[in-house]
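The next block is final.txt, given as compact mmCIF, C-alpha atoms.
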```
# COMPACT_ATOMS: atom_id res chain seq x y z
CA MET A 1 9.90 15.49 -25.07
CA GLY A 2 10.23 11.90 -23.92
CA ALA A 3 13.37 9.81 -23.78
CA ALA A 4 13.11 6.60 -25.80
CA ASN A 5 13.83 3.26 -24.24
CA GLY A 6 13.48 -0.34 -25.34
CA PHE A 7 9.85 -0.48 -24.27
CA GLY A 8 8.40 2.63 -25.92
CA THR A 9 8.66 6.32 -25.06
CA LEU A 10 9.27 7.63 -21.60
CA THR A 11 7.20 10.77 -21.16
CA SER A 12 5.89 12.93 -18.37
CA ALA A 13 2.77 13.69 -20.41
CA ALA A 14 -0.04 11.47 -19.20
CA ARG A 15 -1.56 8.84 -21.43
CA PRO A 16 -5.36 8.72 -21.05
CA TRP A 17 -6.31 5.86 -18.75
CA ASN A 18 -9.85 4.61 -18.54
CA SER A 19 -11.41 6.63 -15.73
CA GLY A 20 -14.55 4.51 -15.58
CA GLU A 21 -15.36 1.81 -13.07
CA ARG A 22 -12.43 -0.48 -12.41
CA ALA A 23 -12.73 -4.20 -12.80
CA PRO A 24 -11.30 -6.34 -10.00
CA TYR A 25 -7.77 -7.56 -10.61
CA ALA A 26 -9.06 -11.13 -10.52
CA GLU A 27 -11.05 -10.55 -13.71
CA VAL A 28 -7.84 -9.67 -15.59
CA ILE A 29 -9.65 -7.15 -17.79
CA MET A 30 -7.09 -4.36 -17.48
CA PRO A 31 -3.46 -4.37 -16.33
CA ALA A 32 -2.69 -2.69 -13.05
CA ARG A 33 -1.79 0.97 -13.41
CA ILE A 34 1.47 2.14 -11.89
CA LEU A 35 2.72 5.70 -11.48
CA VAL A 36 6.51 6.03 -11.11
CA VAL A 37 7.67 9.28 -9.52
CA GLU A 38 11.45 9.43 -9.87
CA ASP A 39 13.70 12.34 -10.89
CA ASP A 40 16.60 10.15 -12.03
CA ARG A 41 15.74 9.57 -15.69
CA THR A 42 18.08 6.60 -16.15
CA MET A 43 16.75 4.85 -13.07
CA ALA A 44 13.18 5.56 -14.15
CA GLU A 45 13.81 4.16 -17.64
CA VAL A 46 15.15 0.91 -16.25
CA LEU A 47 12.31 0.53 -13.76
CA LEU A 48 9.64 1.34 -16.34
CA ALA A 49 11.12 -1.19 -18.75
CA TYR A 50 10.91 -3.94 -16.15
CA LEU A 51 7.39 -2.99 -15.10
CA ARG A 52 6.15 -2.85 -18.69
CA ARG A 53 7.79 -6.17 -19.45
CA ALA A 54 5.84 -7.58 -16.48
CA GLY A 55 2.63 -6.39 -18.14
CA TYR A 56 1.80 -3.27 -16.16
CA GLU A 57 0.50 0.00 -17.58
CA THR A 58 2.91 2.70 -16.45
CA GLU A 59 3.26 6.46 -16.25
CA TRP A 60 6.26 8.51 -15.18
CA THR A 61 7.02 11.97 -13.91
CA ALA A 62 10.12 13.51 -12.37
CA ASP A 63 8.38 16.39 -10.60
CA GLY A 64 6.53 16.25 -7.29
CA THR A 65 3.95 18.90 -8.17
CA GLU A 66 3.13 17.23 -11.47
CA ALA A 67 2.99 13.88 -9.68
CA TYR A 68 0.28 15.23 -7.38
CA GLN A 69 -1.83 16.22 -10.37
CA LEU A 70 -1.25 12.93 -12.20
CA TRP A 71 -1.98 10.89 -9.09
CA GLN A 72 -5.28 12.69 -8.61
CA ARG A 73 -6.33 12.44 -12.24
CA LEU A 74 -5.14 8.94 -13.16
CA GLU A 75 -6.02 7.09 -9.92
CA PRO A 76 -3.15 4.56 -10.16
CA ASP A 77 -3.35 1.19 -8.43
CA LEU A 78 0.22 1.57 -7.17
CA VAL A 79 2.75 4.40 -6.91
CA VAL A 80 6.54 4.02 -6.80
CA LEU A 81 7.61 7.22 -5.06
CA ASP A 82 11.03 8.81 -4.69
CA LEU A 83 11.38 11.15 -1.71
CA MET A 84 13.81 13.78 -3.04
CA LEU A 85 11.88 15.50 -5.82
CA PRO A 86 11.71 18.99 -7.35
CA GLY A 87 8.49 20.89 -6.82
CA MET A 88 7.17 18.89 -3.88
CA SER A 89 8.92 16.27 -1.78
CA GLY A 90 7.73 12.68 -2.02
CA LEU A 91 6.90 12.66 1.68
CA GLU A 92 4.71 15.76 1.37
CA LEU A 93 3.07 14.32 -1.71
CA LEU A 94 2.25 11.11 0.14
CA ARG A 95 1.00 13.01 3.17
CA ARG A 96 -1.41 15.05 1.03
CA ARG A 97 -2.77 12.03 -0.84
CA ARG A 98 -3.32 10.05 2.35
CA GLY A 99 -5.01 13.11 3.82
CA LEU A 100 -7.54 12.79 1.01
CA ALA A 101 -8.10 9.11 1.91
CA ASP A 102 -6.31 7.93 -1.24
CA GLU A 103 -5.85 4.16 -0.95
CA ALA A 104 -3.33 3.48 -3.74
CA ALA A 105 -0.54 1.15 -2.69
CA VAL A 106 2.74 3.06 -2.30
CA ILE A 107 6.35 1.87 -2.45
CA ILE A 108 8.86 4.51 -1.37
CA LEU A 109 12.14 4.49 -3.28
CA SER A 110 14.89 6.34 -1.44
CA ALA A 111 18.64 6.59 -1.03
CA ARG A 112 18.06 7.11 2.70
CA GLY A 113 18.00 3.73 4.37
CA GLU A 114 18.28 4.51 8.06
CA GLU A 115 15.61 2.95 10.27
CA GLU A 116 14.21 6.35 11.25
CA ASP A 117 13.77 7.29 7.58
CA ARG A 118 11.96 4.01 6.86
CA LEU A 119 9.70 4.46 9.87
CA VAL A 120 8.77 8.02 8.88
CA GLY A 121 7.88 6.84 5.39
CA LEU A 122 5.76 3.97 6.67
CA GLU A 123 4.07 6.14 9.29
CA THR A 124 3.16 8.67 6.61
CA GLY A 125 1.28 5.97 4.74
CA ALA A 126 3.67 3.97 2.56
CA ASP A 127 3.15 0.22 2.22
CA ASP A 128 6.77 -0.65 1.48
CA TYR A 129 10.18 1.04 1.51
CA VAL A 130 13.01 0.16 -0.90
CA VAL A 131 16.52 1.59 -0.53
CA LYS A 132 18.64 2.64 -3.52
CA PRO A 133 20.50 1.09 -5.23
CA PHE A 134 17.88 -1.57 -5.80
CA SER A 135 17.31 -4.59 -8.00
CA PRO A 136 14.66 -3.91 -10.68
CA ARG A 137 13.66 -7.58 -10.52
CA GLU A 138 13.13 -7.33 -6.76
CA MET A 139 11.08 -4.17 -7.25
CA VAL A 140 8.80 -5.99 -9.69
CA LEU A 141 8.37 -8.79 -7.14
CA ARG A 142 7.44 -6.27 -4.45
CA VAL A 143 4.94 -4.63 -6.79
CA GLU A 144 3.45 -8.04 -7.56
CA ALA A 145 3.21 -8.89 -3.85
CA LEU A 146 1.29 -5.69 -3.09
CA LEU A 147 -1.07 -6.10 -6.03
CA ARG A 148 -1.54 -9.81 -5.38
CA ARG A 149 -2.75 -9.06 -1.88
CA THR A 150 -5.24 -6.54 -3.28
CA GLU A 151 -6.35 -9.12 -5.84
CA ARG A 152 -6.99 -11.72 -3.14
CA LEU A 153 -9.22 -9.37 -1.19
CA ALA A 154 -11.09 -8.31 -4.34
CA GLY A 155 -11.51 -11.85 -5.69
CA THR A 156 -14.90 -13.36 -6.41
CA GLN A 157 -14.92 -15.44 -3.27
CA LEU A 158 -14.74 -12.29 -1.15
CA VAL A 159 -17.32 -10.11 -2.91
CA ASN A 160 -20.04 -8.92 -0.52
CA ARG A 161 -18.44 -10.85 2.33
CA GLN A 162 -18.81 -9.15 5.70
CA ILE A 163 -16.70 -9.63 8.80
CA GLU A 164 -17.94 -8.36 12.17
CA VAL A 165 -15.91 -8.51 15.37
CA GLY A 166 -17.20 -6.44 18.25
CA GLU A 167 -17.73 -2.89 16.98
CA ILE A 168 -15.67 -3.52 13.85
CA SER A 169 -17.50 -4.20 10.60
CA ILE A 170 -15.58 -4.95 7.40
CA ASP A 171 -16.93 -5.13 3.86
CA LEU A 172 -14.29 -7.10 1.97
CA GLY A 173 -15.92 -6.63 -1.42
CA GLY A 174 -16.29 -2.88 -0.98
CA LYS A 175 -12.93 -2.60 0.81
CA SER A 176 -14.44 -0.46 3.56
CA ALA A 177 -14.43 -0.75 7.33
CA ARG A 178 -16.27 0.84 10.24
CA CYS A 179 -15.75 0.97 13.96
CA GLY A 180 -19.12 1.60 15.52
CA ASP A 181 -20.60 4.56 13.65
CA ARG A 182 -17.23 5.73 12.33
CA ARG A 183 -16.06 4.93 8.82
CA LEU A 184 -12.35 4.15 9.00
CA SER A 185 -10.02 5.87 6.55
CA LEU A 186 -7.49 3.11 5.90
CA THR A 187 -4.71 2.67 3.39
CA ALA A 188 -4.78 -0.49 1.29
CA ARG A 189 -2.24 -2.20 3.54
CA GLU A 190 -3.95 -1.12 6.76
CA PHE A 191 -7.20 -2.55 5.41
CA ASP A 192 -5.46 -5.82 4.48
CA LEU A 193 -3.99 -6.14 7.96
CA LEU A 194 -7.26 -5.36 9.73
CA ALA A 195 -9.20 -7.74 7.48
CA PHE A 196 -6.72 -10.55 8.11
CA LEU A 197 -6.73 -10.12 11.90
CA ALA A 198 -10.51 -9.81 11.93
CA SER A 199 -10.77 -13.06 10.00
CA HIS A 200 -8.94 -14.77 12.89
CA PRO A 201 -10.18 -13.03 16.09
CA GLY A 202 -8.40 -14.13 19.21
CA GLN A 203 -5.59 -15.79 17.24
CA THR A 204 -2.04 -14.52 17.69
CA PHE A 205 0.30 -14.00 14.75
CA SER A 206 3.98 -13.12 14.92
CA LYS A 207 5.41 -10.28 12.87
CA VAL A 208 7.10 -12.79 10.58
CA GLU A 209 3.79 -14.61 10.03
CA LEU A 210 2.02 -11.33 9.27
CA LEU A 211 4.71 -10.35 6.77
CA ARG A 212 4.15 -13.64 4.98
CA ARG A 213 0.37 -13.86 5.15
CA VAL A 214 -0.60 -10.19 4.74
CA TRP A 215 2.32 -8.73 2.79
CA GLY A 216 3.09 -11.91 0.85
CA TRP A 217 6.79 -11.63 1.72
CA GLU A 218 9.01 -14.53 2.76
CA PHE A 219 11.51 -12.00 4.09
CA GLY A 220 11.48 -8.35 5.03
CA ASP A 221 11.83 -5.75 7.78
CA THR A 222 9.38 -6.62 10.58
CA SER A 223 9.30 -2.96 11.64
CA THR A 224 6.89 -2.61 8.71
CA VAL A 225 4.37 -4.64 10.72
CA THR A 226 5.03 -2.62 13.87
CA VAL A 227 4.34 0.66 12.08
CA HIS A 228 1.12 -0.59 10.47
CA VAL A 229 -0.17 -1.92 13.79
CA ARG A 230 0.56 1.47 15.36
CA ARG A 231 -1.33 3.25 12.59
CA LEU A 232 -4.29 0.89 12.94
CA ARG A 233 -4.43 1.56 16.66
CA GLU A 234 -4.42 5.31 16.07
CA LYS A 235 -7.52 4.89 13.91
CA LEU A 236 -9.29 2.23 16.00
CA GLU A 237 -8.48 2.73 19.65
CA ALA A 238 -9.88 5.29 22.10
CA ASP A 239 -6.40 5.32 23.66
CA PRO A 240 -3.74 3.93 21.26
CA SER A 241 -1.26 3.69 24.13
CA ASP A 242 -3.62 1.30 25.93
CA PRO A 243 -5.09 -0.78 23.10
CA LYS A 244 -8.24 -2.83 23.66
CA ILE A 245 -8.83 -3.97 20.06
CA VAL A 246 -5.48 -4.74 18.41
CA LEU A 247 -3.58 -6.47 21.18
CA THR A 248 0.10 -7.23 21.66
CA VAL A 249 0.62 -10.80 22.85
CA GLY A 250 4.02 -11.76 24.15
CA ARG A 251 6.97 -9.92 22.65
CA ALA A 252 6.31 -10.21 18.94
CA GLY A 253 2.72 -11.20 18.31
CA TYR A 254 -0.56 -9.41 17.61
CA GLN A 255 -4.20 -10.37 17.62
CA LEU A 256 -7.59 -8.77 17.25
CA ALA A 257 -9.55 -9.04 20.49
CA ASP A 258 -12.30 -11.65 20.26
CA GLU A 259 -15.36 -10.03 21.82
CA SER A 260 -17.09 -13.39 22.12
CA ARG A 261 -14.46 -14.52 24.63
CA ALA A 262 -14.55 -11.38 26.76
CA GLY A 263 -15.45 -11.86 30.37
```

Encoded form (structure tokens):
Amino acid sequence: MGAANGFGTLTSAARPWNSGERAPYAEVIMPARILVVEDDRTMAEVLLAYLRRAGYETEWTADGTEAYQLWQRLEPDLVVLDLMLPGMSGLELLRRRRGLADEAAVIILSARGEEEDRLVGLETGADDYVVKPFSPREMVLRVEALLRRTERLAGTQLVNRQIEVGEISIDLGGKSARCGDRRLSLTAREFDLLAFLASHPGQTFSKVELLRRVWGWEFGDTSTVTVHVRRLREKLEADPSDPKIVLTVGRAGYQLADESRAG
């Protein structure tokens, strides 16, 4: 049984989403699909109401095991994920989906706000981390920022566009990347970061600049950038502790090595 709210019925039974080929966000053919995984019914109702008011197609479940099944079957564009869940923890759920190369954007929602907790969540594959209690309006803005970045990379002007820097080859339209002969398994945010840096090889960007230009945030925790750079290095570098591709410049800046300037 679902619990009624002002925007329809809240239910853990999945509505059938179109499982066919997705249209790019820029074509505005279908609303983005968001899966909310939260065991606090009241909090979920409020969040779903705000998301639906913003025009998103939403689904909800309070159980981690059910969330795994829904996530796999519905292929959401974005997942709002609580960590403390019955059945399967949110962290384990995220770890399993990322292990299957799932690229849905993920916002962790947690009452645990210590830096170590945020870093673990980001290192596991989350794109953002929001601490409870939270503002539903701010959550909608964070959702929009994540989806807007995806929309920019999937827009018409980027279809079939290729970027090549050294051994790195990026297909912006197909949202895929390779390093030499290896296909890189990247989350949506890792892909965004790599594509941005590769579009400006040899140019240094501070963490604050990357938050604004890649994440679309005017404010935020710059440790988010640090974690994503670390994860990129783990997937790109022969020795992540001695990076040759994603370089640290100064104390707070990063750049992608420009092979054309080597030597």

Practice prompt. Using all atoms listed in the file, determine which residues lie at most 8 Å from Leu91 (chain A), disregarding the query and same-chain residues fewer than 4 positions distant; provide the list as JSON, numbers by chain.
Written response: {"A": [83, 95, 121, 124]}

Got time to write the residues from that selection, C-alpha atoms, as an mmCIF file, in the frame of the given file?
```cif
data_model
loop_
_atom_site.group_PDB
_atom_site.id
_atom_site.type_symbol
_atom_site.label_atom_id
_atom_site.label_comp_id
_atom_site.auth_asym_id
_atom_site.auth_seq_id
_atom_site.Cartn_x
_atom_site.Cartn_y
_atom_site.Cartn_z
ATOM 1 C CA LEU A 83 11.380 11.150 -1.710
ATOM 2 C CA ARG A 95 1.000 13.010 3.170
ATOM 3 C CA GLY A 121 7.880 6.840 5.390
ATOM 4 C CA THR A 124 3.160 8.670 6.610
#
```

At a cut-off of 12 Å, can you tabulate as a tab-separated table every residue of region 43-140 of chain A near region 206-220 of chain A together with its closest atom pair and the distance in Å to one decimal, using all atoms listed in the file and ordering rows by chain then number?
```
residue	atom	partner	partner_atom	distance
A:Ala105	CA	A:Trp215	CA	11.7
A:Asp127	CA	A:Trp215	CA	9.0
A:Asp128	CA	A:Trp215	CA	9.3
A:Tyr129	CA	A:Gly220	CA	10.1
A:Val130	CA	A:Gly220	CA	10.5
A:Glu138	CA	A:Trp217	CA	11.4
```

Item to complete: Between CA of Leu94 (chain A) and CA of Gly174 (chain A), measure the distance and give it in Å to one decimal.
Response: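 One can read the CA of Leu94 (chain A) to CA of Gly174 (chain A) distance as 23.3 Å.
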
Discussion item. Need the shell around Gly64 (chain A): protein/DNA/RNA residues with any atom at most 8 Å away, counting all atoms listed in the file. Skip same-chain ones fewer than 2 positions apart. Format as a VMD selection string?
Written reply: chain A and resid 37 61 to 62 66 to 68 85 to 90 93

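If you measure from each of A:Pro76, A:Thr65, A:Leu119, A:Ile170 to Asp221 (chain A) using all atoms listed in the file, the closest one turns out to be A:Leu119.
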
Item to complete: Find, counting all atoms listed in the file, the residue in A:Val143, A:Ala238, A:Leu109, A:Leu256 that gets nearest to Ala195 (chain A).
Response: A:Leu256

Worksheet, complete the sentence: In Å and to one decimal, CA of Leu70 (chain A) is distant from CA of Lys175 (chain A) by 23.4 Å

Worksheet item: When distances are computed from only C-alpha atoms, which of A:Phe134, A:Cys179, A:Gly125, A:Trp71 shows the smallest separation from Gly99 (chain A)?
Response: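 Distance minimum relative to Gly99 (chain A) lands on A:Gly125.
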
4 Å per side around region 54-63 of chain A: axis-aligned box centre and edge lengths, as lines of an AutoDock Vina configuration file:
```
center_x = 5.3
center_y = 4.4
center_z = -14.4
size_x = 17.6
size_y = 32.0
size_z = 15.5
```
